[in-house]
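So this one's run.csv, CSV, N, CA and C atoms:
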chain,number,residue,atom,x,y,z
O,1,MET,N,0.8,-1.2,0.0
O,1,MET,CA,0.0,0.0,0.0
O,1,MET,C,0.9,1.2,0.0
O,2,ASN,N,0.5,2.2,-0.8
O,2,ASN,CA,1.3,3.4,-0.8
O,2,ASN,C,0.7,4.5,0.0
O,3,ALA,N,1.4,5.5,0.3
O,3,ALA,CA,1.0,6.6,1.1
O,3,ALA,C,-0.2,7.3,0.5
O,4,LYS,N,-0.2,7.5,-0.8
O,4,LYS,CA,-1.2,8.2,-1.5
O,4,LYS,C,-2.6,7.5,-1.3
O,5,PHE,N,-2.6,6.2,-1.5
O,5,PHE,CA,-3.8,5.4,-1.3
O,5,PHE,C,-4.3,5.6,0.1
O,6,ILE,N,-3.5,5.5,1.1
O,6,ILE,CA,-3.9,5.6,2.5
O,6,ILE,C,-4.5,7.0,2.7
O,7,GLU,N,-3.8,8.1,2.2
O,7,GLU,CA,-4.3,9.4,2.4
O,7,GLU,C,-5.7,9.6,1.7
O,8,GLU,N,-5.9,9.0,0.5
O,8,GLU,CA,-7.2,9.1,-0.2
O,8,GLU,C,-8.2,8.4,0.6
O,9,LEU,N,-7.9,7.2,1.1
O,9,LEU,CA,-8.9,6.4,1.9
O,9,LEU,C,-9.2,7.2,3.2
O,10,ASN,N,-8.3,7.8,3.8
O,10,ASN,CA,-8.5,8.5,5.0
O,10,ASN,C,-9.4,9.7,4.7
O,11,ALA,N,-9.1,10.4,3.6
O,11,ALA,CA,-9.9,11.6,3.2
O,11,ALA,C,-11.4,11.2,3.0
O,12,ARG,N,-11.6,10.0,2.3
O,12,ARG,CA,-12.9,9.6,2.0
O,12,ARG,C,-13.7,9.2,3.3
O,13,VAL,N,-13.0,8.5,4.2
O,13,VAL,CA,-13.6,8.2,5.5
O,13,VAL,C,-14.0,9.4,6.3
O,14,VAL,N,-13.1,10.3,6.4
O,14,VAL,CA,-13.4,11.6,7.1
O,14,VAL,C,-14.5,12.3,6.5
O,15,SER,N,-14.5,12.4,5.1
O,15,SER,CA,-15.6,13.1,4.4
O,15,SER,C,-16.9,12.4,4.7
O,16,PHE,N,-16.9,11.1,4.7
O,16,PHE,CA,-18.2,10.3,4.9
O,16,PHE,C,-18.7,10.5,6.3
O,17,LEU,N,-17.8,10.5,7.3
O,17,LEU,CA,-18.2,10.7,8.7
O,17,LEU,C,-18.7,12.1,9.0
O,18,GLN,N,-18.2,13.0,8.2
O,18,GLN,CA,-18.7,14.4,8.5
O,18,GLN,C,-20.1,14.6,8.1
O,19,HIS,N,-20.6,13.7,7.2
O,19,HIS,CA,-22.0,13.8,6.7
O,19,HIS,C,-22.9,12.8,7.4
O,20,THR,N,-22.5,12.3,8.5
O,20,THR,CA,-23.3,11.3,9.2
O,20,THR,C,-23.6,11.8,10.6
O,21,PRO,N,-24.5,11.2,11.3
O,21,PRO,CA,-24.7,11.6,12.8
O,21,PRO,C,-23.4,11.4,13.6
O,22,ALA,N,-22.5,10.6,13.2
O,22,ALA,CA,-21.3,10.3,14.0
O,22,ALA,C,-20.5,11.6,14.2
O,23,ALA,N,-20.5,12.5,13.3
O,23,ALA,CA,-19.8,13.8,13.5
O,23,ALA,C,-20.5,14.6,14.6
O,24,GLU,N,-21.8,14.6,14.5
O,24,GLU,CA,-22.5,15.4,15.5
O,24,GLU,C,-22.4,14.8,16.9
O,25,ILE,N,-22.4,13.4,17.0
O,25,ILE,CA,-22.2,12.7,18.3
O,25,ILE,C,-20.8,13.0,18.8
O,26,SER,N,-19.8,13.0,18.0
O,26,SER,CA,-18.5,13.3,18.4
O,26,SER,C,-18.4,14.7,19.0
O,27,GLN,N,-19.0,15.7,18.3
O,27,GLN,CA,-19.0,17.1,18.8
O,27,GLN,C,-19.7,17.2,20.1
O,28,ASN,N,-20.8,16.5,20.3
O,28,ASN,CA,-21.6,16.5,21.5
O,28,ASN,C,-20.8,15.9,22.7
O,29,ILE,N,-20.2,14.8,22.4
O,29,ILE,CA,-19.4,14.2,23.4
O,29,ILE,C,-18.2,15.1,23.9
O,30,LYS,N,-17.6,15.7,22.9
O,30,LYS,CA,-16.5,16.6,23.2
O,30,LYS,C,-17.0,17.8,24.0
O,31,ALA,N,-18.1,18.3,23.7
O,31,ALA,CA,-18.7,19.5,24.4
O,31,ALA,C,-19.0,19.0,25.8
O,32,ALA,N,-19.6,17.8,26.0
O,32,ALA,CA,-20.0,17.4,27.3
O,32,ALA,C,-18.7,17.1,28.2
O,33,LEU,N,-17.7,16.5,27.6
O,33,LEU,CA,-16.5,16.3,28.4
O,33,LEU,C,-15.8,17.6,28.7
O,34,THR,N,-15.8,18.6,27.8
O,34,THR,CA,-15.2,19.9,28.1
O,34,THR,C,-16.0,20.6,29.3
O,35,ALA,N,-17.3,20.5,29.2
O,35,ALA,CA,-18.1,21.1,30.3
O,35,ALA,C,-17.8,20.4,31.6
O,36,SER,N,-17.7,19.1,31.6
O,36,SER,CA,-17.5,18.3,32.8
O,36,SER,C,-16.1,18.6,33.4
O,37,PHE,N,-15.1,18.7,32.6
O,37,PHE,CA,-13.8,19.0,33.0
O,37,PHE,C,-13.6,20.4,33.5
O,38,SER,N,-14.4,21.3,33.0
O,38,SER,CA,-14.3,22.7,33.4
O,38,SER,C,-14.8,22.9,34.8
O,39,ARG,N,-15.7,22.0,35.2
O,39,ARG,CA,-16.3,22.1,36.6
O,39,ARG,C,-15.3,21.5,37.6
O,40,LEU,N,-14.4,20.7,37.2
O,40,LEU,CA,-13.4,20.1,38.1
O,40,LEU,C,-12.3,21.0,38.4
O,41,ASP,N,-11.6,20.9,39.5
O,41,ASP,CA,-10.5,21.7,39.8
O,41,ASP,C,-9.2,21.0,39.3
O,42,LEU,N,-9.0,21.1,38.1
O,42,LEU,CA,-7.8,20.4,37.4
O,42,LEU,C,-6.7,21.4,37.0
O,43,VAL,N,-5.5,20.9,36.9
O,43,VAL,CA,-4.4,21.7,36.4
O,43,VAL,C,-3.8,21.0,35.2
O,44,THR,N,-3.2,21.8,34.4
O,44,THR,CA,-2.6,21.2,33.2
O,44,THR,C,-1.3,20.4,33.6
O,45,ARG,N,-0.9,19.6,32.8
O,45,ARG,CA,0.3,18.8,33.0
O,45,ARG,C,1.5,19.7,33.2
O,46,GLU,N,1.5,20.8,32.3
O,46,GLU,CA,2.6,21.7,32.4
O,46,GLU,C,2.7,22.4,33.7
O,47,ASP,N,1.5,22.9,34.2
O,47,ASP,CA,1.5,23.6,35.5
O,47,ASP,C,1.9,22.6,36.6
O,48,PHE,N,1.5,21.3,36.5
O,48,PHE,CA,1.8,20.3,37.5
O,48,PHE,C,3.3,20.1,37.5
O,49,ASP,N,3.9,20.0,36.4
O,49,ASP,CA,5.4,19.8,36.3
O,49,ASP,C,6.2,21.0,36.8
O,50,ILE,N,5.7,22.2,36.6
O,50,ILE,CA,6.3,23.4,37.1
O,50,ILE,C,6.3,23.4,38.6
O,51,GLN,N,5.1,23.1,39.2
O,51,GLN,CA,5.0,23.1,40.6
O,51,GLN,C,5.8,21.9,41.2
O,52,ALA,N,6.0,20.8,40.6
O,52,ALA,CA,6.8,19.7,41.1
O,52,ALA,C,8.3,20.2,41.1
O,53,GLN,N,8.7,20.9,40.1
O,53,GLN,CA,10.1,21.5,40.1
O,53,GLN,C,10.3,22.5,41.2
O,54,VAL,N,9.3,23.3,41.4
O,54,VAL,CA,9.4,24.3,42.5
O,54,VAL,C,9.5,23.6,43.8
O,55,LEU,N,8.7,22.6,44.0
O,55,LEU,CA,8.7,21.8,45.3
O,55,LEU,C,10.0,21.1,45.5
O,56,ALA,N,10.6,20.6,44.4
O,56,ALA,CA,11.9,19.9,44.5
O,56,ALA,C,13.0,20.9,44.9
O,57,ARG,N,13.0,22.1,44.3
O,57,ARG,CA,14.0,23.2,44.7
O,57,ARG,C,13.8,23.6,46.1
O,58,THR,N,12.5,23.7,46.6
O,58,THR,CA,12.2,24.1,47.9
O,58,THR,C,12.7,23.1,48.9
O,59,ARG,N,12.5,21.8,48.6
O,59,ARG,CA,13.0,20.8,49.5
O,59,ARG,C,14.6,20.8,49.6
O,60,GLU,N,15.2,21.1,48.4
O,60,GLU,CA,16.7,21.2,48.5
O,60,GLU,C,17.1,22.3,49.4
O,61,LYS,N,16.5,23.5,49.2
O,61,LYS,CA,16.8,24.6,50.0
O,61,LYS,C,16.6,24.3,51.5
O,62,LEU,N,15.5,23.7,51.8
O,62,LEU,CA,15.1,23.3,53.2
O,62,LEU,C,16.2,22.4,53.8
O,63,ALA,N,16.6,21.4,53.0
O,63,ALA,CA,17.6,20.5,53.5
O,63,ALA,C,18.9,21.2,53.8
O,64,ALA,N,19.3,22.2,52.9
O,64,ALA,CA,20.5,22.9,53.1
O,64,ALA,C,20.4,23.8,54.3
O,65,LEU,N,19.3,24.4,54.5
O,65,LEU,CA,19.1,25.3,55.7
O,65,LEU,C,19.1,24.4,57.0
O,66,GLU,N,18.5,23.2,56.9
O,66,GLU,CA,18.5,22.4,58.1
O,66,GLU,C,20.0,22.0,58.5
O,67,ALA,N,20.7,21.7,57.4
O,67,ALA,CA,22.1,21.3,57.6
O,67,ALA,C,22.9,22.5,58.2
O,68,ARG,N,22.6,23.7,57.7
O,68,ARG,CA,23.3,24.9,58.2
O,68,ARG,C,22.9,25.2,59.7
O,69,VAL,N,21.6,25.1,60.0
O,69,VAL,CA,21.2,25.3,61.4
O,69,VAL,C,21.9,24.2,62.3
O,70,ALA,N,21.9,23.0,61.9
O,70,ALA,CA,22.6,22.0,62.7
O,70,ALA,C,24.0,22.3,62.9
O,71,GLU,N,24.7,22.8,61.9
O,71,GLU,CA,26.1,23.2,62.0
O,71,GLU,C,26.3,24.3,63.0
O,72,LEU,N,25.4,25.3,62.9
O,72,LEU,CA,25.4,26.5,63.8
O,72,LEU,C,25.2,26.1,65.2
O,73,GLU,N,24.2,25.1,65.4
O,73,GLU,CA,23.9,24.6,66.7
O,73,GLU,C,25.1,23.9,67.3
O,74,ARG,N,25.8,23.1,66.5
O,74,ARG,CA,27.0,22.4,66.9
O,74,ARG,C,28.1,23.3,67.3
O,75,GLN,N,28.3,24.4,66.5
O,75,GLN,CA,29.3,25.4,66.8
O,75,GLN,C,29.0,26.1,68.1
O,76,SER,N,27.7,26.4,68.3
O,76,SER,CA,27.2,27.1,69.5
O,76,SER,C,27.4,26.2,70.7
O,77,ALA,N,27.2,25.0,70.6
O,77,ALA,CA,27.4,24.1,71.7
O,77,ALA,C,28.8,23.9,72.1
O,78,GLU,N,29.7,24.0,71.1
O,78,GLU,CA,31.1,23.8,71.4
O,78,GLU,C,31.7,25.1,72.1
O,79,SER,N,31.1,26.2,71.9
O,79,SER,CA,31.6,27.4,72.5
O,79,SER,C,31.4,27.6,73.9

Once more with this new file: its structure as structure tokens, please.
Amino acid sequence: MNAKFIEELNARVVSFLQHTPAAEISQNIKAALTASFSRLDLVTREDFDIQAQVLARTREKLAALEARVAELERQSAES
């Protein structure tokens, strides 16, 4: 099978489906899902990944500060 045949077949199937109730059903399902998701408190994957990176950096800083405080407490106890 060559690519041109597959493209033509795909175009015919898409054209056929656009003129059937299947196209309307697909649009209705998409609209219903979009409305349902908009009511949920969701974040995008990009926002989630950004917040995960911020949290990782914050944990690193906290660990460094804890180590610094421990060092200062050790030095204070020695004095």

Please, what distance in Å, to one decimal, runs between CA of Val14 in chain O and CA of Gln27 in chain O?
-> 14.1 Å

Residue set, range 18-56 of chain O restricted to helix (DSSP H, G or I), as a ChimeraX atom specification | /O:18,21-39,45-56

Between CA of Ala32 in chain O and CA of Gln51 in chain O - distance in Å to one decimal |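 Pair CA of Gln51 in chain O / CA of Ala32 in chain O returns 28.9 Å.
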